[in-house]
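This is structure_4.csv. It holds CSV, C-alpha atoms and all ligand atoms.
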```csv
chain,number,residue,atom,x,y,z
A,151,MET,CA,-17.6,-15.0,-29.5
A,152,GLU,CA,-20.1,-13.4,-27.2
A,153,LYS,CA,-17.9,-13.5,-24.1
A,154,ILE,CA,-14.3,-14.7,-23.8
A,155,ARG,CA,-14.5,-17.8,-21.5
A,156,VAL,CA,-11.4,-17.5,-19.2
A,157,GLY,CA,-9.9,-20.0,-16.9
A,158,VAL,CA,-7.2,-19.1,-14.4
A,159,VAL,CA,-4.7,-21.7,-13.1
A,160,GLY,CA,-3.0,-20.7,-9.8
A,161,LEU,CA,-5.1,-18.8,-7.3
A,162,GLY,CA,-2.3,-17.3,-5.3
A,163,HIS,CA,-1.8,-13.6,-5.0
A,164,ARG,CA,-1.4,-12.9,-8.7
A,165,GLY,CA,-4.0,-15.3,-10.0
A,166,ARG,CA,-6.6,-13.9,-7.7
A,167,GLU,CA,-5.9,-10.3,-8.7
A,168,LEU,CA,-5.9,-11.1,-12.5
A,169,ALA,CA,-9.2,-13.0,-12.1
A,170,LYS,CA,-10.8,-10.0,-10.4
A,171,LEU,CA,-9.3,-7.5,-12.8
A,172,SER,CA,-10.4,-9.6,-15.9
A,173,ALA,CA,-13.9,-9.8,-14.5
A,174,GLN,CA,-14.2,-6.0,-15.0
A,175,PHE,CA,-14.1,-6.3,-18.8
A,176,ASP,CA,-17.6,-6.5,-20.2
A,177,HIS,CA,-16.6,-9.1,-22.8
A,178,VAL,CA,-14.9,-11.5,-20.3
A,179,GLU,CA,-16.3,-14.2,-18.2
A,180,ILE,CA,-14.3,-16.0,-15.5
A,181,THR,CA,-15.7,-19.5,-16.4
A,182,ALA,CA,-13.3,-21.6,-14.4
A,183,VAL,CA,-10.5,-21.5,-11.9
A,184,CYS,CA,-8.0,-24.1,-10.7
A,185,ASP,CA,-5.7,-24.6,-7.8
A,186,ILE,CA,-4.3,-27.6,-5.9
A,187,LYS,CA,-5.1,-25.7,-2.7
A,188,GLU,CA,-8.8,-25.6,-2.4
A,189,GLU,CA,-8.7,-23.1,0.4
A,190,ASN,CA,-7.6,-20.4,-2.1
A,191,TRP,CA,-11.1,-20.8,-3.5
A,192,THR,CA,-13.1,-21.3,-0.4
A,193,LYS,CA,-11.4,-19.1,2.2
A,194,THR,CA,-10.8,-15.4,2.4
A,195,GLN,CA,-7.2,-14.7,1.5
A,196,TRP,CA,-4.7,-12.0,2.3
A,197,LEU,CA,-5.8,-8.6,1.0
A,198,SER,CA,-9.2,-10.0,0.0
A,199,SER,CA,-12.5,-9.0,1.5
A,200,ALA,CA,-14.3,-12.3,0.8
A,201,PRO,CA,-13.5,-15.8,-0.5
A,202,LEU,CA,-13.2,-16.1,-4.3
A,203,CYS,CA,-16.1,-18.6,-4.4
A,204,GLU,CA,-18.4,-15.8,-3.1
A,205,MET,CA,-17.0,-13.2,-5.5
A,206,PHE,CA,-17.5,-15.6,-8.5
A,207,PRO,CA,-20.6,-17.7,-7.8
A,208,LYS,CA,-21.1,-18.8,-11.4
A,209,THR,CA,-17.5,-19.9,-11.8
A,210,THR,CA,-16.5,-23.6,-11.6
A,211,PHE,CA,-13.6,-24.5,-9.4
A,212,TYR,CA,-11.2,-27.4,-10.3
A,213,LYS,CA,-8.5,-29.0,-8.4
A,214,GLU,CA,-7.1,-30.7,-11.5
A,215,TYR,CA,-5.9,-28.6,-14.4
A,216,ASP,CA,-6.4,-31.4,-17.0
A,217,ARG,CA,-10.1,-31.6,-16.0
A,218,MET,CA,-10.5,-27.9,-16.3
A,219,LEU,CA,-9.1,-28.0,-19.8
A,220,ASP,CA,-11.2,-30.9,-20.8
A,221,GLU,CA,-14.5,-29.8,-19.3
A,222,ALA,CA,-14.8,-26.0,-19.1
A,223,GLY,CA,-14.9,-25.1,-22.8
A,224,LEU,CA,-12.3,-22.3,-22.4
A,225,ASP,CA,-11.2,-19.7,-24.9
A,226,VAL,CA,-8.3,-18.6,-22.7
A,227,VAL,CA,-6.1,-19.8,-19.9
A,228,ILE,CA,-4.2,-17.4,-17.7
A,229,VAL,CA,-1.2,-19.2,-16.1
A,230,GLU,CA,-0.4,-17.9,-12.6
A,231,THR,CA,1.3,-20.9,-11.0
A,232,GLY,CA,4.7,-20.3,-9.3
A,233,ALA,CA,7.4,-18.8,-11.4
A,234,ASP,CA,9.2,-22.1,-11.9
A,235,ILE,CA,6.2,-24.0,-13.3
A,236,HIS,CA,4.6,-22.1,-16.2
A,237,ALA,CA,5.5,-24.0,-19.3
A,238,GLU,CA,3.8,-27.3,-18.7
A,239,PHE,CA,0.5,-25.5,-18.1
A,240,CYS,CA,0.9,-23.4,-21.3
A,241,ILE,CA,1.8,-26.4,-23.4
A,242,LYS,CA,-1.2,-28.4,-22.3
A,243,ALA,CA,-3.5,-25.5,-23.2
A,244,LEU,CA,-1.8,-25.0,-26.6
A,245,GLU,CA,-2.2,-28.7,-27.4
A,246,LYS,CA,-5.9,-28.2,-26.9
A,247,ASN,CA,-5.9,-25.0,-29.0
A,248,ILE,CA,-6.8,-22.8,-26.1
A,249,ASN,CA,-5.2,-19.3,-26.0
A,250,VAL,CA,-2.8,-18.6,-23.3
A,251,LEU,CA,-1.6,-15.6,-21.2
A,252,SER,CA,1.5,-16.8,-19.4
A,253,ASP,CA,3.1,-14.9,-16.5
A,254,ILE,CA,6.8,-14.4,-16.6
A,255,PRO,CA,9.4,-16.0,-16.5
A,256,ASN,CA,7.6,-18.2,-19.0
A,257,VAL,CA,10.1,-21.1,-19.0
A,258,ALA,CA,12.4,-22.6,-16.3
A,259,SER,CA,14.9,-24.4,-18.5
A,260,LEU,CA,16.2,-24.5,-22.1
A,261,LYS,CA,14.4,-27.8,-22.6
A,262,GLU,CA,11.1,-26.1,-21.6
A,263,ALA,CA,11.9,-23.2,-24.0
A,264,GLU,CA,12.2,-25.7,-26.8
A,265,MET,CA,9.1,-27.6,-25.9
A,266,LEU,CA,7.0,-24.4,-25.5
A,267,TRP,CA,8.3,-22.9,-28.8
A,268,GLU,CA,7.4,-26.1,-30.6
A,269,ALA,CA,4.0,-26.4,-29.0
A,270,ALA,CA,3.2,-22.8,-30.0
A,271,LYS,CA,4.2,-23.5,-33.6
A,272,LYS,CA,1.8,-26.5,-33.8
A,273,SER,CA,-1.1,-24.9,-32.1
A,274,SER,CA,-3.8,-22.8,-33.7
A,275,ALA,CA,-4.2,-20.9,-30.5
A,276,MET,CA,-2.2,-17.8,-29.5
A,277,ILE,CA,0.2,-17.5,-26.6
A,278,ALA,CA,1.0,-14.1,-25.1
A,279,THR,CA,3.5,-13.2,-22.5
A,280,GLY,CA,2.1,-11.5,-19.4
A,281,ALA,CA,5.0,-9.1,-19.0
A,282,ASN,CA,3.3,-6.2,-17.3
A,283,PRO,CA,6.5,-4.0,-17.0
A,284,ASN,CA,6.4,-3.8,-20.8
A,285,GLU,CA,3.2,-1.8,-20.4
A,286,GLN,CA,4.5,0.7,-17.9
A,287,LYS,CA,4.9,4.4,-18.6
A,288,PHE,CA,8.7,4.2,-18.8
A,289,THR,CA,8.5,1.5,-21.5
A,290,VAL,CA,5.9,3.4,-23.5
A,291,LEU,CA,7.9,6.6,-23.4
A,292,LEU,CA,11.2,4.8,-24.2
A,293,LYS,CA,9.8,3.1,-27.3
A,294,ASP,CA,8.3,6.4,-28.5
A,295,PHE,CA,11.6,8.2,-27.8
A,296,TYR,CA,13.5,5.6,-29.8
A,297,GLU,CA,11.0,5.4,-32.7
A,298,LYS,CA,11.2,9.2,-33.1
A,299,GLY,CA,15.0,9.0,-33.3
A,300,LEU,CA,15.5,11.1,-30.2
A,301,LEU,CA,17.5,8.4,-28.4
A,302,GLY,CA,19.6,7.5,-31.4
A,303,LYS,CA,21.0,3.9,-31.1
A,304,PRO,CA,21.1,2.5,-27.6
A,305,TYR,CA,24.7,1.3,-26.8
A,306,CYS,CA,24.6,0.7,-23.1
A,307,MET,CA,21.7,0.1,-20.7
A,308,GLU,CA,21.3,-0.7,-17.0
A,309,ALA,CA,18.5,-2.2,-15.0
A,310,GLU,CA,17.9,-3.3,-11.4
A,311,TYR,CA,15.1,-5.1,-9.7
A,312,ILE,CA,15.6,-4.8,-6.0
A,313,HIS,CA,12.8,-6.2,-3.8
A,314,TRP,CA,13.2,-5.5,-0.1
A,315,TRP,CA,12.8,-8.4,2.2
A,316,VAL,CA,12.5,-8.6,6.0
A,317,PRO,CA,12.0,-12.1,7.4
A,318,GLY,CA,9.1,-12.3,9.7
A,319,ASP,CA,7.5,-9.3,8.2
A,320,GLU,CA,3.8,-9.8,7.3
A,321,GLU,CA,4.2,-9.2,3.6
A,322,SER,CA,7.1,-11.7,3.4
A,323,ILE,CA,5.1,-14.4,5.2
A,324,HIS,CA,2.0,-14.0,3.0
A,325,LEU,CA,4.0,-13.8,-0.2
A,326,ASN,CA,5.4,-17.3,0.6
A,327,GLU,CA,2.3,-19.0,2.0
A,328,ASN,CA,1.3,-20.8,-1.2
A,329,GLY,CA,4.6,-22.4,-2.1
A,330,ASP,CA,8.4,-22.2,-1.8
A,331,TRP,CA,9.3,-20.9,-5.2
A,332,ARG,CA,10.2,-17.4,-4.0
A,333,LYS,CA,12.7,-18.8,-1.4
A,334,LEU,CA,14.2,-21.1,-4.0
A,335,LEU,CA,14.3,-18.9,-7.1
A,336,ILE,CA,17.9,-17.9,-8.1
A,337,PRO,CA,17.6,-14.0,-8.2
A,338,ILE,CA,19.1,-13.5,-11.7
A,339,ARG,CA,16.4,-15.9,-13.1
A,340,TYR,CA,13.8,-13.3,-12.3
A,341,CYS,CA,15.3,-10.9,-15.0
A,342,THR,CA,12.2,-10.4,-17.1
A,343,HIS,CA,10.9,-7.3,-15.4
A,344,SER,CA,14.3,-5.6,-16.1
A,345,LEU,CA,15.2,-7.0,-19.5
A,346,GLY,CA,11.7,-6.9,-21.0
A,347,PRO,CA,11.4,-3.1,-21.2
A,348,LEU,CA,14.9,-2.6,-22.5
A,349,LEU,CA,14.6,-5.3,-25.2
A,350,THR,CA,11.7,-3.4,-26.8
A,351,ILE,CA,14.2,-1.0,-28.3
A,352,LEU,CA,16.9,-3.5,-29.2
A,353,GLU,CA,16.8,-4.9,-32.7
A,354,GLU,CA,19.0,-7.9,-31.9
A,355,GLU,CA,19.2,-10.6,-29.2
A,356,LEU,CA,21.4,-10.6,-26.2
A,357,ARG,CA,24.2,-13.0,-27.2
A,358,TYR,CA,26.8,-13.2,-24.4
A,359,VAL,CA,26.6,-13.2,-20.6
A,360,SER,CA,28.9,-13.1,-17.7
A,361,CYS,CA,27.4,-13.2,-14.2
A,362,PHE,CA,28.7,-13.1,-10.6
A,363,GLY,CA,26.7,-14.0,-7.4
A,364,THR,CA,27.7,-12.8,-3.9
A,365,GLY,CA,26.7,-16.0,-2.2
A,366,GLN,CA,25.1,-15.6,1.2
A,367,HIS,CA,26.9,-13.2,3.6
A,368,SER,CA,24.8,-13.9,6.7
A,369,PRO,CA,25.0,-17.3,8.5
A,370,GLU,CA,21.6,-17.0,10.1
A,371,ASP,CA,19.8,-16.6,6.7
A,372,THR,CA,18.3,-20.0,6.4
A,373,PHE,CA,15.1,-18.8,4.8
A,374,ARG,CA,16.4,-18.3,1.3
A,375,VAL,CA,18.8,-20.6,-0.5
A,376,ALA,CA,20.2,-18.2,-3.1
A,377,ASP,CA,22.7,-15.3,-3.4
A,378,ASP,CA,22.2,-12.0,-1.6
A,379,MET,CA,22.8,-10.2,-4.9
A,380,MET,CA,23.6,-11.2,-8.5
A,381,CYS,CA,25.1,-9.0,-11.1
A,382,ALA,CA,25.0,-9.9,-14.8
A,383,GLN,CA,26.4,-8.2,-17.9
A,384,PHE,CA,24.9,-9.1,-21.3
A,385,ARG,CA,26.2,-8.1,-24.7
A,386,THR,CA,24.7,-8.3,-28.2
A,387,GLU,CA,26.6,-9.2,-31.3
A,388,SER,CA,27.0,-5.5,-32.3
A,389,GLY,CA,28.3,-4.6,-28.9
A,390,VAL,CA,25.3,-3.2,-26.9
A,391,VAL,CA,25.9,-3.9,-23.2
A,392,ILE,CA,23.2,-4.4,-20.6
A,393,ARG,CA,24.1,-4.5,-16.9
A,394,LEU,CA,21.6,-6.0,-14.5
A,395,MET,CA,21.5,-6.2,-10.7
A,396,ARG,CA,19.0,-8.5,-9.0
A,397,ASN,CA,18.8,-9.1,-5.2
A,398,GLY,CA,18.0,-11.9,-2.9
A,399,ARG,CA,18.6,-10.0,0.3
A,400,CYS,CA,17.9,-6.3,0.8
A,401,ARG,CA,16.9,-4.7,4.1
A,402,ALA,CA,15.9,-1.3,2.8
A,403,LYS,CA,12.7,-0.2,1.0
A,404,ILE,CA,14.6,1.5,-1.9
A,405,GLY,CA,12.2,0.9,-4.7
A,406,ASN,CA,11.9,-1.9,-7.3
A,407,HIS,CA,12.5,-1.2,-10.9
A,408,SER,CA,15.2,1.3,-12.1
A,409,TYR,CA,16.5,1.6,-15.7
A,410,ARG,CA,19.1,3.8,-17.5
A,411,VAL,CA,19.4,3.9,-21.3
A,412,PHE,CA,22.3,5.5,-23.0
A,413,GLY,CA,21.8,6.3,-26.7
A,414,THR,CA,24.0,7.9,-29.3
A,415,GLU,CA,21.7,11.0,-29.4
A,416,GLY,CA,20.0,10.9,-26.0
A,417,TYR,CA,19.3,9.4,-22.6
A,418,MET,CA,16.4,8.2,-20.6
A,419,GLU,CA,16.2,6.8,-17.1
A,420,ARG,CA,13.6,5.7,-14.5
A,421,CYS,CA,14.7,6.0,-10.9
A,422,ASP,CA,12.4,4.2,-8.5
A,423,TYR,CA,12.4,6.2,-5.3
A,424,PRO,CA,9.5,4.5,-3.5
A,425,GLU,CA,7.2,7.5,-3.0
A,426,LYS,CA,8.5,9.5,-5.9
A,427,PRO,CA,9.7,7.6,-9.0
A,428,VAL,CA,11.0,9.9,-11.7
A,429,ILE,CA,11.7,9.6,-15.4
A,430,ARG,CA,14.5,11.9,-16.8
A,431,TYR,CA,15.5,12.3,-20.4
A,432,ASN,CA,17.2,14.5,-22.9
A,433,SER,CA,18.1,14.4,-26.6
A,434,THR,CA,20.6,16.3,-28.7
A,435,ARG,CA,18.0,16.1,-31.5
A,436,GLU,CA,15.8,18.6,-29.7
A,437,LEU,CA,16.2,22.4,-29.5
A,438,ASP,CA,16.2,22.2,-25.7
A,439,THR,CA,18.9,19.6,-24.9
A,440,SER,CA,18.7,20.0,-21.1
A,441,LEU,CA,17.7,17.1,-18.9
A,442,LYS,CA,13.9,17.0,-18.3
A,443,GLU,CA,12.2,15.3,-15.3
A,444,ILE,CA,8.7,14.0,-15.2
A,445,SER,CA,6.9,11.7,-12.7
A,446,GLY,CA,7.7,8.0,-13.2
A,447,GLU,CA,4.6,6.2,-12.0
A,448,TYR,CA,3.7,2.9,-13.7
A,449,MET,CA,0.4,4.0,-15.2
A,450,PRO,CA,0.6,3.8,-19.0
A,451,PRO,CA,-0.3,7.3,-20.4
A,452,ALA,CA,-3.2,6.0,-22.5
A,453,TYR,CA,-4.9,4.7,-19.4
A,454,ALA,CA,-4.3,7.7,-17.1
A,455,ASN,CA,-8.0,8.7,-17.1
A,456,ASN,CA,-9.4,5.2,-17.0
A,457,GLU,CA,-10.7,4.7,-13.5
A,458,LYS,CA,-10.8,0.9,-14.0
A,459,ALA,CA,-7.0,0.8,-14.7
A,460,THR,CA,-5.5,-0.7,-11.6
A,461,GLY,CA,-3.1,-3.5,-10.7
A,462,HIS,CA,0.5,-2.5,-10.3
A,463,GLY,CA,-0.4,1.1,-10.9
A,464,GLY,CA,-2.5,0.3,-14.0
A,465,MET,CA,-0.1,-1.7,-16.0
A,466,ASP,CA,-1.9,-5.0,-15.2
A,467,TYR,CA,-5.1,-3.5,-16.6
A,468,ALA,CA,-3.3,-2.3,-19.8
A,469,MET,CA,-1.8,-5.7,-20.3
A,470,LEU,CA,-5.2,-7.5,-20.0
A,471,ASP,CA,-6.9,-4.9,-22.2
A,472,HIS,CA,-4.4,-5.4,-25.0
A,473,PHE,CA,-4.6,-9.2,-24.6
A,474,TYR,CA,-8.4,-9.4,-24.7
A,475,ASP,CA,-8.5,-7.0,-27.6
A,476,ALA,CA,-6.1,-9.3,-29.5
A,477,ILE,CA,-8.3,-12.4,-28.7
A,478,LEU,CA,-11.5,-10.6,-29.7
A,479,ASN,CA,-10.1,-9.2,-32.9
A,480,GLY,CA,-7.8,-12.0,-34.1
A,481,LYS,CA,-4.7,-9.8,-33.6
A,482,PRO,CA,-1.2,-11.2,-32.8
A,483,ALA,CA,-0.1,-11.5,-29.2
A,484,PRO,CA,0.6,-8.0,-27.8
A,485,ILE,CA,3.8,-9.4,-26.2
A,486,SER,CA,4.8,-12.5,-28.1
A,487,LEU,CA,6.2,-15.8,-26.9
A,488,LYS,CA,9.4,-14.9,-28.8
A,489,GLU,CA,9.7,-11.7,-26.7
A,490,GLY,CA,8.9,-13.6,-23.6
A,491,ILE,CA,11.7,-16.2,-24.2
A,492,ALA,CA,14.1,-13.5,-25.2
A,493,MET,CA,13.6,-11.8,-21.8
A,494,THR,CA,13.6,-15.1,-19.9
A,495,ILE,CA,16.4,-17.4,-21.0
A,496,PRO,CA,19.2,-14.9,-20.5
A,497,GLY,CA,18.6,-15.5,-16.8
A,498,ILE,CA,19.0,-19.2,-17.3
A,499,TYR,CA,22.4,-18.7,-19.0
A,500,ALA,CA,23.4,-16.1,-16.4
A,501,GLU,CA,22.8,-18.5,-13.6
A,502,GLU,CA,25.1,-21.0,-15.3
A,503,SER,CA,27.7,-18.4,-15.9
A,504,ALA,CA,27.7,-17.6,-12.1
A,505,LYS,CA,28.1,-21.3,-11.3
A,506,ARG,CA,31.1,-21.3,-13.6
A,507,GLY,CA,32.7,-18.3,-11.8
A,508,GLY,CA,31.6,-15.6,-14.3
A,509,GLU,CA,32.6,-17.5,-17.5
A,510,VAL,CA,31.4,-15.7,-20.6
A,511,ILE,CA,28.7,-17.9,-22.2
A,512,ARG,CA,27.2,-17.5,-25.7
A,513,MET,CA,23.4,-17.6,-25.6
A,514,ARG,CA,21.1,-19.3,-28.2
A,515,TYR,CA,17.4,-19.1,-28.7
A,516,PRO,CA,15.0,-21.7,-30.0
A,517,TRP,CA,14.6,-19.9,-33.3
A,518,ASP,CA,18.4,-19.9,-33.9
A,519,GLU,CA,19.8,-22.4,-36.5
A,520,ASP,CA,22.4,-23.6,-34.0
A,521,TRP,CA,20.0,-23.9,-31.1
A,522,THR,CA,20.7,-26.5,-28.5
A,523,THR,CA,19.4,-27.2,-25.0
A,524,GLN,CA,23.0,-27.8,-23.8
A,525,ILE,CA,25.0,-24.9,-22.3
A,601,LIG,N1,4.1,-9.6,-13.2
A,601,LIG,C1,4.0,-9.3,-11.9
A,601,LIG,O1,3.9,-8.1,-11.5
A,601,LIG,C2,4.0,-10.4,-10.9
A,601,LIG,C3,3.8,-10.1,-9.5
A,601,LIG,C4,3.7,-11.2,-8.7
A,601,LIG,C5,3.9,-12.5,-9.2
A,601,LIG,N2,4.0,-12.7,-10.5
A,601,LIG,C6,4.1,-14.0,-11.1
A,601,LIG,O2,2.9,-14.6,-10.9
A,601,LIG,C7,3.0,-16.0,-10.7
A,601,LIG,C8,2.2,-16.4,-9.4
A,601,LIG,O3,2.7,-15.6,-8.3
A,601,LIG,P1,2.0,-15.6,-6.9
A,601,LIG,O4,2.6,-14.6,-6.1
A,601,LIG,O5,0.5,-15.6,-7.2
A,601,LIG,O6,2.4,-17.1,-6.4
A,601,LIG,P2,1.7,-18.0,-5.3
A,601,LIG,O7,2.7,-19.0,-4.9
A,601,LIG,O8,1.0,-17.2,-4.3
A,601,LIG,O9,0.6,-18.8,-6.2
A,601,LIG,C9,0.8,-19.8,-7.1
A,601,LIG,C10,-0.4,-20.8,-7.0
A,601,LIG,O10,-0.3,-21.8,-7.9
A,601,LIG,C11,-0.8,-23.0,-7.3
A,601,LIG,N3,-0.4,-24.2,-8.0
A,601,LIG,C12,0.8,-24.8,-7.9
A,601,LIG,N4,0.8,-25.9,-8.6
A,601,LIG,C13,-0.4,-26.1,-9.2
A,601,LIG,C14,-1.1,-27.0,-10.0
A,601,LIG,N5,-0.4,-28.1,-10.4
A,601,LIG,N6,-2.4,-26.8,-10.4
A,601,LIG,C15,-3.0,-25.8,-10.0
A,601,LIG,N7,-2.5,-24.8,-9.2
A,601,LIG,C16,-1.2,-24.9,-8.8
A,601,LIG,C17,-0.4,-22.9,-5.9
A,601,LIG,O11,-1.2,-23.7,-5.0
A,601,LIG,C18,-0.5,-21.4,-5.6
A,601,LIG,O12,-1.8,-21.1,-5.0
A,601,LIG,C19,4.5,-16.2,-10.6
A,601,LIG,O13,5.0,-16.7,-11.8
A,601,LIG,C20,5.1,-14.9,-10.3
A,601,LIG,O14,6.4,-14.8,-10.9
A,601,LIG,C21,4.1,-11.7,-11.4
```
In structure tokens, how does this file's structure come out?
Ligand SMILES: NC(=O)c1ccc[n+]([C@@H]2O[C@H](COP(=O)([O-])OP(=O)(O)OC[C@H]3O[C@@H](n4cnc5c(N)ncnc54)[C@H](O)[C@@H]3O)[C@@H](O)[C@H]2O)c1
Amino acid sequence: MEKIRVGVVGLGHRGRELAKLSAQFDHVEITAVCDIKEENWTKTQWLSSAPLCEMFPKTTFYKEYDRMLDEAGLDVVIVETGADIHAEFCIKALEKNINVLSDIPNVASLKEAEMLWEAAKKSSAMIATGANPNEQKFTVLLKDFYEKGLLGKPYCMEAEYIHWWVPGDEESIHLNENGDWRKLLIPIRYCTHSLGPLLTILEEELRYVSCFGTGQHSPEDTFRVADDMMCAQFRTESGVVIRLMRNGRCRAKIGNHSYRVFGTEGYMERCDYPEKPVIRYNSTRELDTSLKEISGEYMPPAYANNEKATGHGGMDYAMLDHFYDAILNGKPAPISLKEGIAMTIPGIYAEESAKRGGEVIRMRYPWDEDWTTQI
């Protein structure tokens, strides 16, 4: 393979950025792109200096995804459609043995999880999960801390993903200009950025969930349809508990991704103060057991001196670098479909638990013997 022939479906904010970032890799060619909104190709978009068609003069634009798959001779499809419609695009590519990088959450229902799991088993192509928070500095350090035995066994963890939101604000308007999925998405369904990093040190699946939602506490809030806040608690079979908070409404810029990890021998946290995120940790296995504090930027340590490493503080670049390396060298997916489903479908069960007033629900996965698409 001289160059990896890449197609991007969904030219919204994220699709545009990943196309531009991918084009920086010498061995990657953006062969084709696809969106039902042609203006995302022909017109200058938010935070862009020129239309994509000028930035990529050799790239073919398609309005129909099936045509792109049939005609463009792709090695890879990057799926960047709205968060509720990833699986059908991934499945179609896998059926044509085209490799896939799917953004998260990678499925929107248990039926989709089953269909995607089966399509991946039948395909000779690879599907990777585009979970960029799994590349961030905190995740890298946490895995290292765990593997060295400094954390001991994790027994309780906490995560929150709080995205501030002011109606009428420029960012909010632009983020919603390509579709309604952000307004419609149930907050707890977007649990992947929170669970993904924590699951990298758990050697078992999350099995039980109980979730509450606040409902909406402001009568004038007609923009969104979902809860102001949702709080879920997950438990594994051996008794590890994860507590997760995800917002719909939040009027303060208080940072996005925070995590706390309690282990039998140590502790690690990332507190996301917007201008000054910090990581703190300690271990009783070290001579100095005091709590240490280091900066908590997203940049993965291995990319800190790479000036090309941009996109969410460098973690997007790291994710693409690992993905293209796997494609070129026939390696397994850096973040597998199994990992992607394990961080996605707890949100589907959590939504159902909230609908049932916090009922504890047992969760199953497509690789379980007692798997079913019924909850
Ligand atoms: N990992 C991250 O850091 C991160 C950040 C932002 C967004 N995301 C994810 O990226 C994805 C895209 O987010 P976004 O902000 O770019 O959304 P967006 O709504 O701006 O873009 C989605 C695009 O998909 C297009 N689309 C919809 N149906 C299509 C179809 N049938 N064929 C072709 N194109 C179609 C829409 O026209 C739109 O332009 C979402 O899944 C989101 O969750 C991830």
### Task
May I have the residues within 8 Å of ligand LIG 601 (chain A), computed using all atoms listed in the file, as a PyMOL selection string?
chain A and resi 159-166+184-187+190+213-215+229-236+253-256+280-283+325-332+340+343+462+466
### Message
List the spatial neighbours of Arg339 of chain A as a PyMOL selection string - criterion: any atom at most 9 Å away, only C-alpha atoms, same-chain residues fewer than 3 positions off excluded.
### Response
chain A and resi 255+258+335-336+342+396+494-501
### Task
Record the distance separating atom CA of His472 of chain A and atom CA of Thr279 of chain A, expressed in Å with one decimal.
11.4 Å
### Message
Counting only C-alpha atoms, I want the residues whose atoms come within 10 Å of (19.1, 16.1, -23.3) in the file frame, returned as a PyMOL selection string.
### Response
chain A and resi 300-301+415-418+430-442
Output C-alpha atoms for every residue in the selection just made, as an mmCIF file, in the frame of the given file.
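What ended up in part.cif:
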```cif
data_model
loop_
_atom_site.group_PDB
_atom_site.id
_atom_site.type_symbol
_atom_site.label_atom_id
_atom_site.label_comp_id
_atom_site.auth_asym_id
_atom_site.auth_seq_id
_atom_site.Cartn_x
_atom_site.Cartn_y
_atom_site.Cartn_z
ATOM 1 C CA LEU A 300 15.500 11.100 -30.200
ATOM 2 C CA LEU A 301 17.500 8.400 -28.400
ATOM 3 C CA GLU A 415 21.700 11.000 -29.400
ATOM 4 C CA GLY A 416 20.000 10.900 -26.000
ATOM 5 C CA TYR A 417 19.300 9.400 -22.600
ATOM 6 C CA MET A 418 16.400 8.200 -20.600
ATOM 7 C CA ARG A 430 14.500 11.900 -16.800
ATOM 8 C CA TYR A 431 15.500 12.300 -20.400
ATOM 9 C CA ASN A 432 17.200 14.500 -22.900
ATOM 10 C CA SER A 433 18.100 14.400 -26.600
ATOM 11 C CA THR A 434 20.600 16.300 -28.700
ATOM 12 C CA ARG A 435 18.000 16.100 -31.500
ATOM 13 C CA GLU A 436 15.800 18.600 -29.700
ATOM 14 C CA LEU A 437 16.200 22.400 -29.500
ATOM 15 C CA ASP A 438 16.200 22.200 -25.700
ATOM 16 C CA THR A 439 18.900 19.600 -24.900
ATOM 17 C CA SER A 440 18.700 20.000 -21.100
ATOM 18 C CA LEU A 441 17.700 17.100 -18.900
ATOM 19 C CA LYS A 442 13.900 17.000 -18.300
#
```
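Among the candidate residues A:Pro337, A:Pro207, A:Gly508, A:Gly223, the one lying nearest to Gln383 of chain A is A:Gly508, with distances computed using only C-alpha atoms.
As for atom CA of Lys242 of chain A and atom CA of Gly157 of chain A, they are spaced 13.2 Å apart.
Across A:Ile323, A:Met265, A:Ala476, A:Val316, the tightest approach to Cys400 of chain A is made by A:Val316 when counting all atoms listed in the file.
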Grab segment 449-474 of chain A from that structure and dump C-alpha atoms to a file, as an mmCIF file, in the first residue's frame.
```cif
data_model
loop_
_atom_site.group_PDB
_atom_site.id
_atom_site.type_symbol
_atom_site.label_atom_id
_atom_site.label_comp_id
_atom_site.auth_asym_id
_atom_site.auth_seq_id
_atom_site.Cartn_x
_atom_site.Cartn_y
_atom_site.Cartn_z
ATOM 1 C CA MET A 449 -1.207 15.835 25.334
ATOM 2 C CA PRO A 450 -0.019 12.205 25.489
ATOM 3 C CA PRO A 451 3.573 12.228 26.844
ATOM 4 C CA ALA A 452 5.013 10.421 23.793
ATOM 5 C CA TYR A 453 3.797 13.242 21.509
ATOM 6 C CA ALA A 454 4.790 16.201 23.685
ATOM 7 C CA ASN A 455 7.638 17.226 21.352
ATOM 8 C CA ASN A 456 5.803 16.507 18.097
ATOM 9 C CA GLU A 457 4.711 19.849 16.660
ATOM 10 C CA LYS A 458 2.176 18.125 14.401
ATOM 11 C CA ALA A 459 0.343 16.719 17.420
ATOM 12 C CA THR A 460 -2.820 18.834 17.620
ATOM 13 C CA GLY A 461 -6.551 18.240 17.925
ATOM 14 C CA HIS A 462 -7.989 18.208 21.459
ATOM 15 C CA GLY A 463 -4.549 18.982 22.831
ATOM 16 C CA GLY A 464 -2.796 16.317 20.753
ATOM 17 C CA MET A 465 -4.913 13.286 21.593
ATOM 18 C CA ASP A 466 -6.620 13.321 18.159
ATOM 19 C CA TYR A 467 -3.232 13.166 16.458
ATOM 20 C CA ALA A 468 -2.099 10.292 18.705
ATOM 21 C CA MET A 469 -5.314 8.402 17.943
ATOM 22 C CA LEU A 470 -4.854 8.781 14.165
ATOM 23 C CA ASP A 471 -1.151 7.939 14.383
ATOM 24 C CA HIS A 472 -1.886 4.669 16.190
ATOM 25 C CA PHE A 473 -4.724 3.854 13.788
ATOM 26 C CA TYR A 474 -2.746 4.453 10.585
#
```
